[in-house]
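S.K.: To be precise about what I am sending: the file is called structure-v1.pdb and holds PDB, C-alpha atoms.
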```pdb
ATOM      1  CA  MET J  96     -35.135   6.952  72.685
ATOM      2  CA  THR J  97     -34.839   4.100  70.200
ATOM      3  CA  ALA J  98     -33.801   0.469  70.286
ATOM      4  CA  ALA J  99     -30.432   1.457  68.799
ATOM      5  CA  ALA J 100     -29.652   3.668  71.779
ATOM      6  CA  ASP J 101     -30.910   1.084  74.263
ATOM      7  CA  ARG J 102     -28.448  -1.478  72.881
ATOM      8  CA  ILE J 103     -25.448   0.582  73.993
ATOM      9  CA  PRO J 104     -24.046  -0.920  77.211
ATOM     10  CA  ASN J 105     -24.044   1.355  80.279
ATOM     11  CA  LEU J 106     -25.827   4.081  78.331
ATOM     12  CA  ASN J 107     -26.926   6.036  81.395
ATOM     13  CA  ARG J 108     -23.354   6.217  82.674
ATOM     14  CA  LEU J 109     -22.090   7.315  79.272
ATOM     15  CA  LEU J 110     -24.683  10.088  79.142
ATOM     16  CA  ALA J 111     -23.470  11.323  82.534
ATOM     17  CA  SER J 112     -20.268  12.345  80.732
ATOM     18  CA  VAL J 113     -22.207  15.096  78.938
ATOM     19  CA  VAL J 114     -22.693  18.197  81.080
ATOM     20  CA  ALA J 115     -24.412  21.531  80.576
ATOM     21  CA  LEU J 116     -22.119  24.457  79.862
ATOM     22  CA  ARG J 117     -22.931  28.108  80.403
ATOM     23  CA  ALA J 118     -20.510  30.877  79.494
ATOM     24  CA  GLN J 119     -20.655  34.580  80.329
ATOM     25  CA  VAL J 120     -18.919  36.991  77.948
ATOM     26  CA  PRO J 121     -18.193  40.701  78.553
ATOM     27  CA  LYS J 122     -20.391  43.092  76.565
ATOM     28  CA  ASP J 123     -17.356  44.738  74.965
ATOM     29  CA  ALA J 124     -15.798  41.444  73.805
ATOM     30  CA  PHE J 125     -15.091  41.110  70.082
ATOM     31  CA  SER J 126     -17.511  38.185  69.654
ATOM     32  CA  ALA J 127     -20.298  39.582  71.848
ATOM     33  CA  SER J 128     -22.270  41.303  69.087
ATOM     34  CA  ARG J 129     -22.364  38.198  66.900
ATOM     35  CA  LEU J 130     -22.493  35.351  69.415
ATOM     36  CA  GLY J 131     -24.084  37.043  72.432
ATOM     37  CA  THR J 132     -22.912  37.449  75.998
ATOM     38  CA  ASP J 133     -24.803  34.563  77.633
ATOM     39  CA  ARG J 134     -24.133  31.275  75.839
ATOM     40  CA  SER J 135     -25.224  27.765  76.673
ATOM     41  CA  GLY J 136     -24.685  24.302  75.294
ATOM     42  CA  SER J 137     -23.030  21.037  76.248
ATOM     43  CA  ALA J 138     -19.521  19.772  76.967
ATOM     44  CA  VAL J 139     -18.153  16.225  77.184
ATOM     45  CA  ALA J 140     -15.685  14.842  79.711
ATOM     46  CA  ILE J 141     -12.963  13.137  77.685
ATOM     47  CA  LEU J 142     -10.257  10.592  78.285
ATOM     48  CA  GLY J 143      -7.228  10.578  76.020
ATOM     49  CA  PRO J 144      -3.462  10.201  76.184
ATOM     50  CA  GLU J 145      -2.091  12.344  79.019
ATOM     51  CA  THR J 146      -5.350  14.265  79.491
ATOM     52  CA  PRO J 147      -5.606  15.988  82.882
ATOM     53  CA  PRO J 148      -8.568  15.315  85.177
ATOM     54  CA  GLY J 149     -11.589  17.514  84.665
ATOM     55  CA  LEU J 150     -11.034  18.066  80.939
ATOM     56  CA  PHE J 151     -14.115  18.742  78.821
ATOM     57  CA  LEU J 152     -14.456  19.064  75.055
ATOM     58  CA  THR J 153     -16.992  21.419  73.494
ATOM     59  CA  VAL J 154     -17.466  23.613  70.434
ATOM     60  CA  GLY J 155     -15.225  26.653  70.535
ATOM     61  CA  TYR J 156     -17.739  29.421  69.857
ATOM     62  CA  LEU J 157     -19.428  28.754  73.199
ATOM     63  CA  ILE J 158     -16.308  29.791  75.106
ATOM     64  CA  THR J 159     -14.786  32.443  72.837
ATOM     65  CA  ASP J 160     -13.960  35.526  74.984
ATOM     66  CA  ALA J 161     -15.689  33.974  78.022
ATOM     67  CA  ASP J 162     -14.614  35.274  81.418
ATOM     68  CA  MET J 163     -16.893  32.970  83.436
ATOM     69  CA  ILE J 164     -17.862  29.357  82.698
ATOM     70  CA  TRP J 165     -20.022  26.957  84.707
ATOM     71  CA  LEU J 166     -20.563  23.217  84.210
ATOM     72  CA  THR J 167     -23.640  21.383  85.511
ATOM     73  CA  ASP J 168     -23.754  17.585  85.708
ATOM     74  CA  HIS J 169     -26.687  15.187  85.368
ATOM     75  CA  GLN J 170     -27.477  15.463  89.079
ATOM     76  CA  GLY J 171     -27.742  19.247  88.950
ATOM     77  CA  HIS J 172     -24.396  19.931  90.633
ATOM     78  CA  THR J 173     -22.674  23.038  89.274
ATOM     79  CA  GLY J 174     -19.003  23.966  89.376
ATOM     80  CA  PRO J 175     -16.799  26.688  87.857
ATOM     81  CA  ALA J 176     -14.488  26.046  84.928
ATOM     82  CA  PHE J 177     -12.144  27.949  82.667
ATOM     83  CA  ALA J 178     -11.354  27.962  78.954
ATOM     84  CA  LEU J 179      -8.145  26.030  78.398
ATOM     85  CA  ALA J 180      -7.738  26.049  74.620
ATOM     86  CA  GLN J 181      -9.404  26.712  71.281
ATOM     87  CA  ASP J 182      -8.596  25.613  67.762
ATOM     88  CA  GLN J 183      -9.930  27.878  65.034
ATOM     89  CA  ASP J 184      -9.261  25.369  62.247
ATOM     90  CA  THR J 185     -11.446  22.584  63.648
ATOM     91  CA  GLY J 186     -13.761  24.558  65.941
ATOM     92  CA  PHE J 187     -12.945  22.519  69.067
ATOM     93  CA  GLY J 188     -12.772  24.133  72.491
ATOM     94  CA  LEU J 189     -11.314  22.677  75.675
ATOM     95  CA  VAL J 190     -12.582  23.542  79.145
ATOM     96  CA  ARG J 191     -11.214  22.423  82.479
ATOM     97  CA  ALA J 192     -13.249  22.181  85.672
ATOM     98  CA  VAL J 193     -11.731  23.997  88.637
ATOM     99  CA  SER J 194     -12.548  20.965  90.803
ATOM    100  CA  MET J 195     -14.133  17.625  89.933
ATOM    101  CA  GLU J 196     -15.255  17.121  93.536
ATOM    102  CA  GLN J 197     -18.474  18.945  92.661
ATOM    103  CA  LEU J 198     -19.170  17.139  89.381
ATOM    104  CA  ASP J 199     -20.096  13.559  88.485
ATOM    105  CA  ALA J 200     -18.933  13.233  84.871
ATOM    106  CA  PRO J 201     -16.905  10.130  83.975
ATOM    107  CA  PRO J 202     -14.631  10.763  80.977
ATOM    108  CA  LEU J 203     -15.506   9.187  77.634
ATOM    109  CA  PRO J 204     -12.877   7.392  75.549
ATOM    110  CA  LEU J 205     -12.155   8.853  72.125
ATOM    111  CA  GLY J 206     -13.428   6.679  69.300
ATOM    112  CA  ASP J 207     -12.487   6.402  65.631
ATOM    113  CA  SER J 208     -14.531   8.863  63.576
ATOM    114  CA  ASP J 209     -12.986   7.544  60.343
ATOM    115  CA  ALA J 210     -14.880   4.298  60.904
ATOM    116  CA  ILE J 211     -18.268   6.054  60.801
ATOM    117  CA  THR J 212     -19.852   5.872  57.350
ATOM    118  CA  VAL J 213     -23.041   7.077  55.693
ATOM    119  CA  GLY J 214     -25.984   5.005  56.900
ATOM    120  CA  ASP J 215     -24.503   4.237  60.323
ATOM    121  CA  THR J 216     -26.454   4.959  63.490
ATOM    122  CA  ALA J 217     -25.116   7.661  65.781
ATOM    123  CA  ILE J 218     -26.369   8.775  69.173
ATOM    124  CA  VAL J 219     -26.367  12.571  69.532
ATOM    125  CA  ALA J 220     -26.537  13.462  73.226
ATOM    126  CA  GLY J 221     -26.862  16.806  74.942
ATOM    127  CA  SER J 222     -26.817  17.420  78.666
ATOM    128  CA  GLY J 223     -29.832  16.106  80.563
ATOM    129  CA  GLY J 224     -29.593  12.337  80.165
ATOM    130  CA  ARG J 225     -31.972  10.257  78.070
ATOM    131  CA  ALA J 226     -34.389  13.134  77.581
ATOM    132  CA  SER J 227     -31.696  14.900  75.538
ATOM    133  CA  VAL J 228     -30.757  11.996  73.248
ATOM    134  CA  VAL J 229     -31.468  11.846  69.523
ATOM    135  CA  SER J 230     -30.882   8.569  67.699
ATOM    136  CA  ALA J 231     -29.754   9.654  64.250
ATOM    137  CA  LYS J 232     -28.331   8.381  60.992
ATOM    138  CA  VAL J 233     -25.174   9.601  59.350
ATOM    139  CA  VAL J 234     -26.515  11.098  56.110
ATOM    140  CA  ALA J 235     -23.276  12.572  54.729
ATOM    141  CA  ARG J 236     -19.493  12.718  55.182
ATOM    142  CA  GLN J 237     -18.152  15.736  53.325
ATOM    143  CA  ALA J 238     -16.271  19.008  53.709
ATOM    144  CA  PHE J 239     -18.031  21.915  55.375
ATOM    145  CA  THR J 240     -16.911  25.448  54.521
ATOM    146  CA  SER J 241     -18.344  28.714  55.795
ATOM    147  CA  TYR J 242     -17.801  32.430  55.332
ATOM    148  CA  TRP J 243     -16.000  32.999  58.632
ATOM    149  CA  GLU J 244     -12.877  31.346  57.167
ATOM    150  CA  TYR J 245     -13.739  27.931  58.535
ATOM    151  CA  MET J 246     -13.472  24.531  56.906
ATOM    152  CA  VAL J 247     -13.770  21.011  58.284
ATOM    153  CA  GLU J 248     -12.666  18.195  56.043
ATOM    154  CA  ASP J 249     -14.986  15.178  56.035
ATOM    155  CA  ALA J 250     -17.463  16.565  58.582
ATOM    156  CA  LEU J 251     -20.191  14.363  60.065
ATOM    157  CA  PHE J 252     -23.781  15.190  59.076
ATOM    158  CA  THR J 253     -26.561  13.456  61.038
ATOM    159  CA  ALA J 254     -30.353  13.529  60.904
ATOM    160  CA  PRO J 255     -32.758  14.123  62.494
ATOM    161  CA  ALA J 256     -31.158  17.240  63.908
ATOM    162  CA  HIS J 257     -30.694  17.663  67.652
ATOM    163  CA  PRO J 258     -32.582  20.814  68.756
ATOM    164  CA  HIS J 259     -29.762  21.898  71.102
ATOM    165  CA  TRP J 260     -26.731  20.977  69.034
ATOM    166  CA  ALA J 261     -23.913  23.124  70.422
ATOM    167  CA  GLY J 262     -21.314  20.874  72.069
ATOM    168  CA  THR J 263     -23.364  17.679  71.893
ATOM    169  CA  ALA J 264     -21.623  14.321  72.079
ATOM    170  CA  VAL J 265     -21.849  12.155  68.964
ATOM    171  CA  LEU J 266     -21.485   8.539  70.094
ATOM    172  CA  ALA J 267     -20.876   5.451  68.004
ATOM    173  CA  THR J 268     -22.850   2.353  68.896
ATOM    174  CA  ASP J 269     -19.851   1.057  70.865
ATOM    175  CA  GLY J 270     -20.248   4.015  73.236
ATOM    176  CA  THR J 271     -17.120   5.915  72.174
ATOM    177  CA  LEU J 272     -17.032   9.608  71.325
ATOM    178  CA  VAL J 273     -16.725  10.192  67.570
ATOM    179  CA  GLY J 274     -17.766  13.835  67.204
ATOM    180  CA  ILE J 275     -18.805  17.123  68.790
ATOM    181  CA  GLY J 276     -21.927  18.944  67.609
ATOM    182  CA  SER J 277     -21.269  22.295  65.977
ATOM    183  CA  LEU J 278     -24.150  23.551  63.831
ATOM    184  CA  LYS J 279     -27.620  22.898  62.469
ATOM    185  CA  VAL J 280     -27.618  23.179  58.678
ATOM    186  CA  GLU J 281     -29.835  22.243  55.767
ATOM    187  CA  GLN J 282     -28.502  19.280  53.841
ATOM    188  CA  LEU J 283     -29.530  17.645  50.576
ATOM    189  CA  VAL J 284     -30.085  13.954  51.342
ATOM    190  CA  ASP J 285     -30.287  11.289  48.644
ATOM    191  CA  ARG J 286     -29.998  14.060  46.012
ATOM    192  CA  ARG J 287     -33.649  14.997  46.377
ATOM    193  CA  THR J 288     -34.672  15.895  49.940
ATOM    194  CA  VAL J 289     -33.500  18.954  51.864
ATOM    195  CA  THR J 290     -33.617  18.353  55.606
ATOM    196  CA  ASP J 291     -32.222  19.820  58.827
ATOM    197  CA  THR J 292     -29.048  18.070  59.939
ATOM    198  CA  ASN J 293     -26.356  18.542  62.557
ATOM    199  CA  MET J 294     -22.843  19.199  61.349
ATOM    200  CA  SER J 295     -20.422  17.684  63.856
ATOM    201  CA  ILE J 296     -16.632  17.869  64.091
ATOM    202  CA  PRO J 297     -14.974  14.420  63.757
ATOM    203  CA  ILE J 298     -13.041  13.438  66.878
ATOM    204  CA  ASN J 299     -10.040  12.221  64.870
ATOM    205  CA  LEU J 300      -9.246  15.866  64.094
ATOM    206  CA  LEU J 301      -8.557  16.376  67.808
ATOM    207  CA  LYS J 302      -6.074  13.549  68.316
ATOM    208  CA  PRO J 303      -3.000  14.970  66.527
ATOM    209  CA  ILE J 304      -3.368  18.439  68.099
ATOM    210  CA  LEU J 305      -4.556  17.561  71.618
ATOM    211  CA  GLY J 306      -1.068  17.708  73.097
ATOM    212  CA  GLU J 307      -0.433  21.125  71.546
ATOM    213  CA  LEU J 308      -3.748  22.488  72.787
ATOM    214  CA  LEU J 309      -3.035  21.287  76.326
ATOM    215  CA  ALA J 310       0.499  22.681  76.298
ATOM    216  CA  GLN J 311      -0.037  26.101  74.751
ATOM    217  CA  GLY J 312      -3.756  26.713  74.284
ATOM    218  CA  ARG J 313      -3.588  26.516  70.480
ATOM    219  CA  ARG J 314      -2.129  24.368  67.749
ATOM    220  CA  ALA J 315       1.462  24.946  66.708
ATOM    221  CA  GLY J 316       2.355  26.613  63.432
ATOM    222  CA  ALA J 317       1.032  29.533  61.419
ATOM    223  CA  PRO J 318      -2.725  30.098  60.996
ATOM    224  CA  ARG J 319      -4.326  28.651  57.882
ATOM    225  CA  PRO J 320      -4.189  31.178  54.981
ATOM    226  CA  TRP J 321      -7.410  32.003  53.192
ATOM    227  CA  LEU J 322      -8.082  33.395  49.735
ATOM    228  CA  GLY J 323     -11.272  32.617  47.891
ATOM    229  CA  LEU J 324     -14.953  33.186  47.311
ATOM    230  CA  HIS J 325     -18.119  32.623  49.298
ATOM    231  CA  THR J 326     -20.494  30.924  46.884
ATOM    232  CA  ALA J 327     -24.068  29.695  47.058
ATOM    233  CA  GLU J 328     -26.276  27.649  44.760
ATOM    234  CA  PHE J 329     -29.659  29.145  43.842
ATOM    235  CA  ARG J 330     -32.094  27.623  41.340
ATOM    236  CA  GLY J 331     -29.362  25.787  39.506
ATOM    237  CA  ARG J 332     -27.006  28.767  39.359
ATOM    238  CA  LEU J 333     -23.779  29.401  41.259
ATOM    239  CA  LEU J 334     -23.635  32.801  42.941
ATOM    240  CA  VAL J 335     -20.794  34.746  44.547
ATOM    241  CA  ARG J 336     -21.936  36.423  47.742
ATOM    242  CA  SER J 337     -20.662  39.393  49.716
ATOM    243  CA  GLU J 338     -22.014  41.694  52.446
ATOM    244  CA  GLU J 339     -23.221  44.192  49.837
ATOM    245  CA  HIS J 340     -24.393  42.195  46.851
ATOM    246  CA  THR J 341     -24.585  38.869  45.044
ATOM    247  CA  SER J 342     -23.204  38.235  41.552
ATOM    248  CA  GLU J 343     -23.701  35.294  39.222
ATOM    249  CA  LEU J 344     -20.727  33.275  38.013
TER     250      LEU J 344
END
```
Would you put the structure from the file into structure tokens?
M.R.:
Amino acid sequence: MTAAADRIPNLNRLLASVVALRAQVPKDAFSASRLGTDRSGSAVAILGPETPPGLFLTVGYLITDADMIWLTDHQGHTGPAFALAQDQDTGFGLVRAVSMEQLDAPPLPLGDSDAITVGDTAIVAGSGGRASVVSAKVVARQAFTSYWEYMVEDALFTAPAHPHWAGTAVLATDGTLVGIGSLKVEQLVDRRTVTDTNMSIPINLLKPILGELLAQGRRAGAPRPWLGLHTAEFRGRLLVRSEEHTSEL
């Protein structure tokens, strides 16, 4: 814990909004071989326009194909939940608690992720209160693209990396939610140092699609089309990669 985190008003109550999530996935599910059948991470109680009670935001891969989900609050109380929606374009997942009578998790207001710039302080919080908080710096704002046909425009990159990044809450210093932790990736910082960072999904990507996700479990419209190459930089050269081989451009 750092002085930056301690300056956030009502920090302990804000951290209570972050709960532990555990998902059980059938062995024959499509994603089981790649993502496993027993998944764990964090989820964040959120408050937005017309959001129902007991709504939690997480990263979608934790709940893909899940048939059982449990949420555990900061006091150790556990309750069942169900997957409400997923968005493949952003990577967000929405979970709803069956009953909030068993859970103490006040919803967090959605902040403005566009206002977060490189050099700003961000609090990355997993479930477990202050012991699971990393006070980080935003080291990059840029697009993130990966081979599973996934791209996030203007993703948040923070360092040092949180060791349990899946579904973490990224908080601005005003205590609002500005992102959801997705991955741990290596990032070139200051054009000279490669370090472990967390890639987080900016919360502003949720706002225009939240109503659609709540109403129909997915965003409206056709899926994003993809046609392109998976490239990687190696020793100053740009390479095209595939499952079988790598070729130089």
S.K.: Rounded to one decimal in Å, what is the spacing between atom CA of Pro255 of chain J and atom CA of Phe187 of chain J?
M.R.: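 The value is 22.5 Å.
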S.K.: Would you write out, as a VMD selection string, every residue that the PyMOL selection byres ((chain J and resi 215-224) around 6) captures in this file?
M.R.: chain J and resid 110 113 to 115 137 169 212 to 214 225 to 233 263 to 267
S.K.: By how many Å are atom CA of Pro303 of chain J and atom CA of Thr185 of chain J apart?
M.R.: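 Pair atom CA of Pro303 of chain J / atom CA of Thr185 of chain J returns 11.7 Å.
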S.K.: Using all atoms listed in the file, pick whichever of J:Pro202, J:Arg129, J:His257, J:Val154 has the shortest atom-to-atom distance to Gly270 of chain J.
M.R.: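 The closest residue to Gly270 of chain J is J:Pro202.
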S.K.: Using only C-alpha atoms, which of the listed residues (J:Ala235, J:Gly186, J:Thr173, J:Pro144) sits closest to Thr290 of chain J?
M.R.: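 Looking at the shortest contact to Thr290 of chain J, the residue is J:Ala235.
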S.K.: Measuring atom to atom with only C-alpha atoms, identify which of J:Trp243, J:Phe329, J:Trp260, J:Phe151 is nearest to Met294 of chain J.
M.R.: J:Trp260
S.K.: Could I see segment 196-215 of chain J restored to N, CA, C and O atoms, set down as a compact mmCIF listing (two decimals), keeping the file's coordinate frame?
M.R.:
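Just written: rebuild.txt:
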```txt
# COMPACT_ATOMS: atom_id res chain seq x y z
N GLU J 196 -14.56 17.58 92.33
CA GLU J 196 -15.26 17.12 93.54
C GLU J 196 -16.73 17.47 93.48
O GLU J 196 -17.55 16.80 94.12
N GLN J 197 -17.08 18.52 92.74
CA GLN J 197 -18.47 18.94 92.66
C GLN J 197 -19.23 18.30 91.51
O GLN J 197 -20.46 18.43 91.43
N LEU J 198 -18.54 17.63 90.60
CA LEU J 198 -19.17 17.14 89.38
C LEU J 198 -19.03 15.62 89.25
O LEU J 198 -17.98 15.06 89.55
N ASP J 199 -20.11 14.98 88.80
CA ASP J 199 -20.10 13.56 88.48
C ASP J 199 -20.16 13.43 86.97
O ASP J 199 -21.24 13.45 86.38
N ALA J 200 -18.99 13.31 86.33
CA ALA J 200 -18.93 13.23 84.87
C ALA J 200 -17.76 12.34 84.48
O ALA J 200 -16.64 12.81 84.31
N PRO J 201 -17.99 11.04 84.36
CA PRO J 201 -16.90 10.13 83.98
C PRO J 201 -16.43 10.42 82.56
O PRO J 201 -17.24 10.66 81.67
N PRO J 202 -15.13 10.42 82.32
CA PRO J 202 -14.63 10.76 80.98
C PRO J 202 -14.92 9.67 79.95
O PRO J 202 -14.87 8.48 80.25
N LEU J 203 -15.24 10.10 78.74
CA LEU J 203 -15.51 9.19 77.63
C LEU J 203 -14.23 8.91 76.85
O LEU J 203 -13.45 9.83 76.59
N PRO J 204 -14.02 7.68 76.43
CA PRO J 204 -12.88 7.39 75.55
C PRO J 204 -13.13 7.95 74.15
O PRO J 204 -14.27 8.01 73.68
N LEU J 205 -12.05 8.36 73.49
CA LEU J 205 -12.16 8.85 72.12
C LEU J 205 -12.25 7.68 71.16
O LEU J 205 -11.45 6.75 71.22
N GLY J 206 -13.24 7.74 70.27
CA GLY J 206 -13.43 6.68 69.30
C GLY J 206 -12.70 6.97 68.00
O GLY J 206 -11.81 7.82 67.93
N ASP J 207 -13.09 6.26 66.96
CA ASP J 207 -12.49 6.40 65.63
C ASP J 207 -13.55 6.95 64.68
O ASP J 207 -14.36 6.19 64.15
N SER J 208 -13.51 8.26 64.44
CA SER J 208 -14.53 8.86 63.58
C SER J 208 -14.35 8.45 62.12
O SER J 208 -15.31 8.53 61.34
N ASP J 209 -13.17 8.00 61.73
CA ASP J 209 -12.99 7.54 60.34
C ASP J 209 -13.77 6.27 60.06
O ASP J 209 -14.03 5.95 58.89
N ALA J 210 -14.15 5.55 61.10
CA ALA J 210 -14.88 4.30 60.90
C ALA J 210 -16.38 4.52 60.73
O ALA J 210 -17.11 3.57 60.42
N ILE J 211 -16.84 5.75 60.93
CA ILE J 211 -18.27 6.05 60.80
C ILE J 211 -18.57 6.39 59.34
O ILE J 211 -17.96 7.29 58.77
N THR J 212 -19.53 5.68 58.76
CA THR J 212 -19.85 5.87 57.35
C THR J 212 -21.32 6.23 57.19
O THR J 212 -22.13 6.10 58.12
N VAL J 213 -21.66 6.71 55.99
CA VAL J 213 -23.04 7.08 55.69
C VAL J 213 -23.95 5.86 55.88
O VAL J 213 -23.64 4.76 55.42
N GLY J 214 -25.05 6.08 56.59
CA GLY J 214 -25.98 5.00 56.90
C GLY J 214 -25.85 4.45 58.29
O GLY J 214 -26.76 3.77 58.79
N ASP J 215 -24.71 4.72 58.96
CA ASP J 215 -24.50 4.24 60.32
C ASP J 215 -25.40 4.99 61.31
O ASP J 215 -25.77 6.15 61.10
```
